[in-house]
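A short write-up of the structure that comes next.
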Amino acid sequence: MRPNALRTLWRSGGAAVNGWLAIANSFSAETMAHQGWDSLTIDLQHGVVDYAAMVTMLQAISTTPTVPVVRVPWLEPGILMKALDAGAYGVICPMVNSREEAQKLVAYTHYAPRGTRSFGPVRATLYGGADYPLHANDTIVTFAMIETAAALDHLDEILSVEGLDAIYIGPSDLSLALGCAPAFDDLEPRAAEAVDHILARAKAHGVVAGIHNGSPEAALARIAKGFQFVTVSSDARLMAAGAQQVMAAMRA
C-alpha cells in the first residue's frame, strides 16, 4: 500500500504544512497540489464542495505526492466511509465532544475487528494499491476536531481513545465556545490558554496536534510550540489575497 507521508513525517518529528480547499474545482485543487503542500484538505463542512466534486479533487491531488485529506461535515458514518472509499488518506471530523463520539469516529474509519467500516474501497485501491484492505487501518489518519467547551471538559477522555491519531483545533469555534471573538491567529487570552492546554494534553497522550492558522507567521510559531499539522489559509483566501495585491498595485 502507498505509505501515508503524514505518518512518515510525524514519526521523524516533523510538522506537515496543510493547505485548505474550499473551491469545488479539480483544476484549482490540482494547481494547489503542485505548489508543494505536504497535504491538502478538501472541506465538505464549510466549503461549497459536494461529494462528486470531492472525488474529482482527490483525483487531481493524486497527480502529486501531496497527501489527500477530507474534512467531513459531521460525525456520520456514511460520509466518513465514502470519503475513505474515494481515496482520502486522512479524515477530519468536526465537533467531537466526548469519548463516546471519539470512539465512534475511530470505529467508522477502521475495518473490523478494530472498527465497523464497511468494505468497498472503490477508488481507494486505485490510489493506495491492491493491498489497501490489508493495511488501511494502519495507514489512514483520523483527526478529531477539538473546538467546544464540552470537548475541553472531556479532553483527556477523548485523547485516550485507541486509534485516534490526531486532533485538530478549530480556533474560531473554540473562541466562540469560550466567549471570545472568533479568530485564527490573534486569540484572546482565554482561547489562547485553551489552545496551549490542548497541545500539552495531546503531547502527553502521544496524539498529534493540528490547528488552523491565518498566516505563515502564526503557523511557524505554532510549529515551534509543538504542533505537527498546521493549515495556512485556503485556496479561496489565497486567490482573493493575490487579486487584492494586483489591484492595489494597479490602483496606486
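Here, A, B, ... name the chains of the C-alpha cells in the order displayed, residue numbers run from 1 inside each chain, and ligands are numbered from 1 in the same displayed order.
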Give me, as a Markdown table, the closest atom pair and its distance (Å, one decimal) for every residue of region 132-236 of chain A within a cut-off of 12 Å of region 17-23 of chain A, counting only C-alpha atoms, rows sorted by chain and rising number.
| residue | atom | partner | partner_atom | distance |
| --- | --- | --- | --- | --- |
| A:Tyr168 | CA | A:Asn18 | CA | 11.7 |
| A:Gly210 | CA | A:Asn18 | CA | 9.5 |
| A:Ile211 | CA | A:Asn18 | CA | 9.7 |
| A:His212 | CA | A:Asn18 | CA | 9.0 |
| A:Asn213 | CA | A:Asn18 | CA | 10.0 |
| A:Gly214 | CA | A:Trp20 | CA | 11.0 |
| A:Ser215 | CA | A:Gly19 | CA | 11.6 |
| A:Pro216 | CA | A:Val17 | CA | 9.6 |
| A:Ala219 | CA | A:Val17 | CA | 8.5 |
| A:Leu220 | CA | A:Val17 | CA | 9.6 |
| A:Arg222 | CA | A:Val17 | CA | 11.4 |
| A:Ile223 | CA | A:Val17 | CA | 9.6 |
| A:Phe227 | CA | A:Val17 | CA | 10.4 |
| A:Gln228 | CA | A:Val17 | CA | 8.3 |
| A:Phe229 | CA | A:Val17 | CA | 6.1 |
| A:Val230 | CA | A:Val17 | CA | 5.3 |
| A:Thr231 | CA | A:Asn18 | CA | 4.5 |
| A:Val232 | CA | A:Gly19 | CA | 6.0 |
| A:Ser233 | CA | A:Trp20 | CA | 6.6 |
| A:Ser234 | CA | A:Trp20 | CA | 4.4 |
| A:Asp235 | CA | A:Leu21 | CA | 5.5 |
| A:Ala236 | CA | A:Ala22 | CA | 6.4 |
Using only C-alpha atoms, please write the residues we just selected to a file, as a PDB file, in the first residue's frame.
ATOM      1  CA  TYR A 168      -7.322  19.398  15.073  1.00  0.00           C
ATOM      2  CA  GLY A 210      -3.011  20.232  14.448  1.00  0.00           C
ATOM      3  CA  ILE A 211      -4.506  23.705  14.157  1.00  0.00           C
ATOM      4  CA  HIS A 212      -5.929  26.139  11.629  1.00  0.00           C
ATOM      5  CA  ASN A 213      -3.929  29.338  11.006  1.00  0.00           C
ATOM      6  CA  GLY A 214      -4.464  32.513   9.058  1.00  0.00           C
ATOM      7  CA  SER A 215      -0.824  33.303   8.277  1.00  0.00           C
ATOM      8  CA  PRO A 216       2.561  31.599   7.809  1.00  0.00           C
ATOM      9  CA  ALA A 219       1.779  28.583  11.704  1.00  0.00           C
ATOM     10  CA  LEU A 220       5.548  28.746  12.205  1.00  0.00           C
ATOM     11  CA  ARG A 222       2.764  27.045  16.486  1.00  0.00           C
ATOM     12  CA  ILE A 223       5.163  24.532  14.953  1.00  0.00           C
ATOM     13  CA  PHE A 227       2.072  21.442  16.598  1.00  0.00           C
ATOM     14  CA  GLN A 228       2.767  18.890  13.853  1.00  0.00           C
ATOM     15  CA  PHE A 229      -0.052  19.733  11.438  1.00  0.00           C
ATOM     16  CA  VAL A 230      -0.647  23.368  10.531  1.00  0.00           C
ATOM     17  CA  THR A 231      -3.105  24.700   7.992  1.00  0.00           C
ATOM     18  CA  VAL A 232      -2.260  28.032   6.390  1.00  0.00           C
ATOM     19  CA  SER A 233      -5.124  29.938   4.768  1.00  0.00           C
ATOM     20  CA  SER A 234      -7.192  28.381   1.936  1.00  0.00           C
ATOM     21  CA  ASP A 235      -7.415  28.375  -1.841  1.00  0.00           C
ATOM     22  CA  ALA A 236     -10.219  30.956  -1.779  1.00  0.00           C
TER      23      ALA A 236
END
Might you pull out every residue within 7 Å of Pro73 (chain A), with only C-alpha atoms counted and same-chain residues fewer than 2 positions away left off, and present them as a ChimeraX atom specification? /A:44-45,71
Two-atom distance - CA of Glu162 (chain A), CA of Val195 (chain A) (Å):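 One can read the CA of Glu162 (chain A) to CA of Val195 (chain A) distance as 22.2 Å.
Backbone DSSP assigns strand (DSSP E) in region 136-227 of chain A to Val141, Thr142, Phe143, Ala144, Met145, Ile146, Ala166, Ile167, Tyr168, Ile169, Val208, Ala209, Gly210, Ile211, His212 and Asn213 of chain A.
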Which of these residues is nearest to Val49 (chain A), using only C-alpha atoms: A:Met239, A:Ala24, A:Ala29, A:Ala177?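 Once distances to Val49 (chain A) are computed over only C-alpha atoms, the minimum belongs to A:Ala24.
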Shell around Ser62 (chain A) at 12 Å using only C-alpha atoms, local window under 3 positions removed, as a list of chain:residue names: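 Returned residues: A:Arg2, A:Ser26, A:Ala29, A:Glu30, A:Thr31, A:Met32, A:Ala33, A:His34, A:Ser39, A:Leu40, A:Val55, A:Thr56, A:Met57, A:Leu58, A:Gln59, A:Pro65, A:Thr66, A:Val67, A:Pro68, A:Val69, A:Ala86, A:Gly87, A:Ala88, A:Tyr89, A:Arg123, A:Ala124, A:Leu126, A:Tyr127, A:Gly128.
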Contacts of Met95 (chain A) within 9 Å, only C-alpha atoms, excl. fewer than 3 positions in-chain, as a list in words: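 Counting only the stated atoms, we get Trp74, Leu75, Ala144, Met145, Ile146, Glu147, Thr148 and Ala151 of chain A.
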I need the residues in region 68-215 of chain A that are alpha helix (DSSP H) according to DSSP; give them as a PyMOL selection string. chain A and resi 77-85+99-108+124-128+132-139+149-153+155-159+171-177+189-205
To one decimal place in Å, what is the distance between CA of Ser160 (chain A) and CA of Val70 (chain A)? 23.1 Å
Neighbour list for Gly13 (chain A) as a tab-separated table (two decimals) with N, CA and C atoms, in the first residue's frame, cut-off 10 Å, only C-alpha atoms, skip fewer than 5 positions in-chain:
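Below you can see selection16.tsv, which holds the result:
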chain	number	residue	atom	x	y	z
A	7	ARG	N	2.23	10.22	8.24
A	7	ARG	CA	2.75	9.36	9.30
A	7	ARG	C	4.28	9.33	9.27
A	8	THR	N	4.84	9.26	8.08
A	8	THR	CA	6.30	9.25	7.95
A	8	THR	C	6.90	10.54	8.51
A	226	GLY	N	5.13	22.99	19.07
A	226	GLY	CA	4.95	21.55	19.06
A	226	GLY	C	3.81	21.03	18.20
A	228	GLN	N	2.18	19.65	14.95
A	228	GLN	CA	2.77	18.89	13.85
A	228	GLN	C	1.89	18.85	12.60
Between CA of Tyr51 (chain A) and CA of Ala83 (chain A), what distance in Å does the model show, to one decimal?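 Interatomic distance, CA of Tyr51 (chain A) to CA of Ala83 (chain A): 8.1 Å.
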Please provide as a PyMOL selection string all residues within 12 Å of Leu164 (chain A), with the sequence filter that same-chain residues fewer than 3 positions apart are discarded (counting only C-alpha atoms). chain A and resi 90-93+96+99+101-110+114-115+137-138+140-145+157-161+167-168+202+205-209
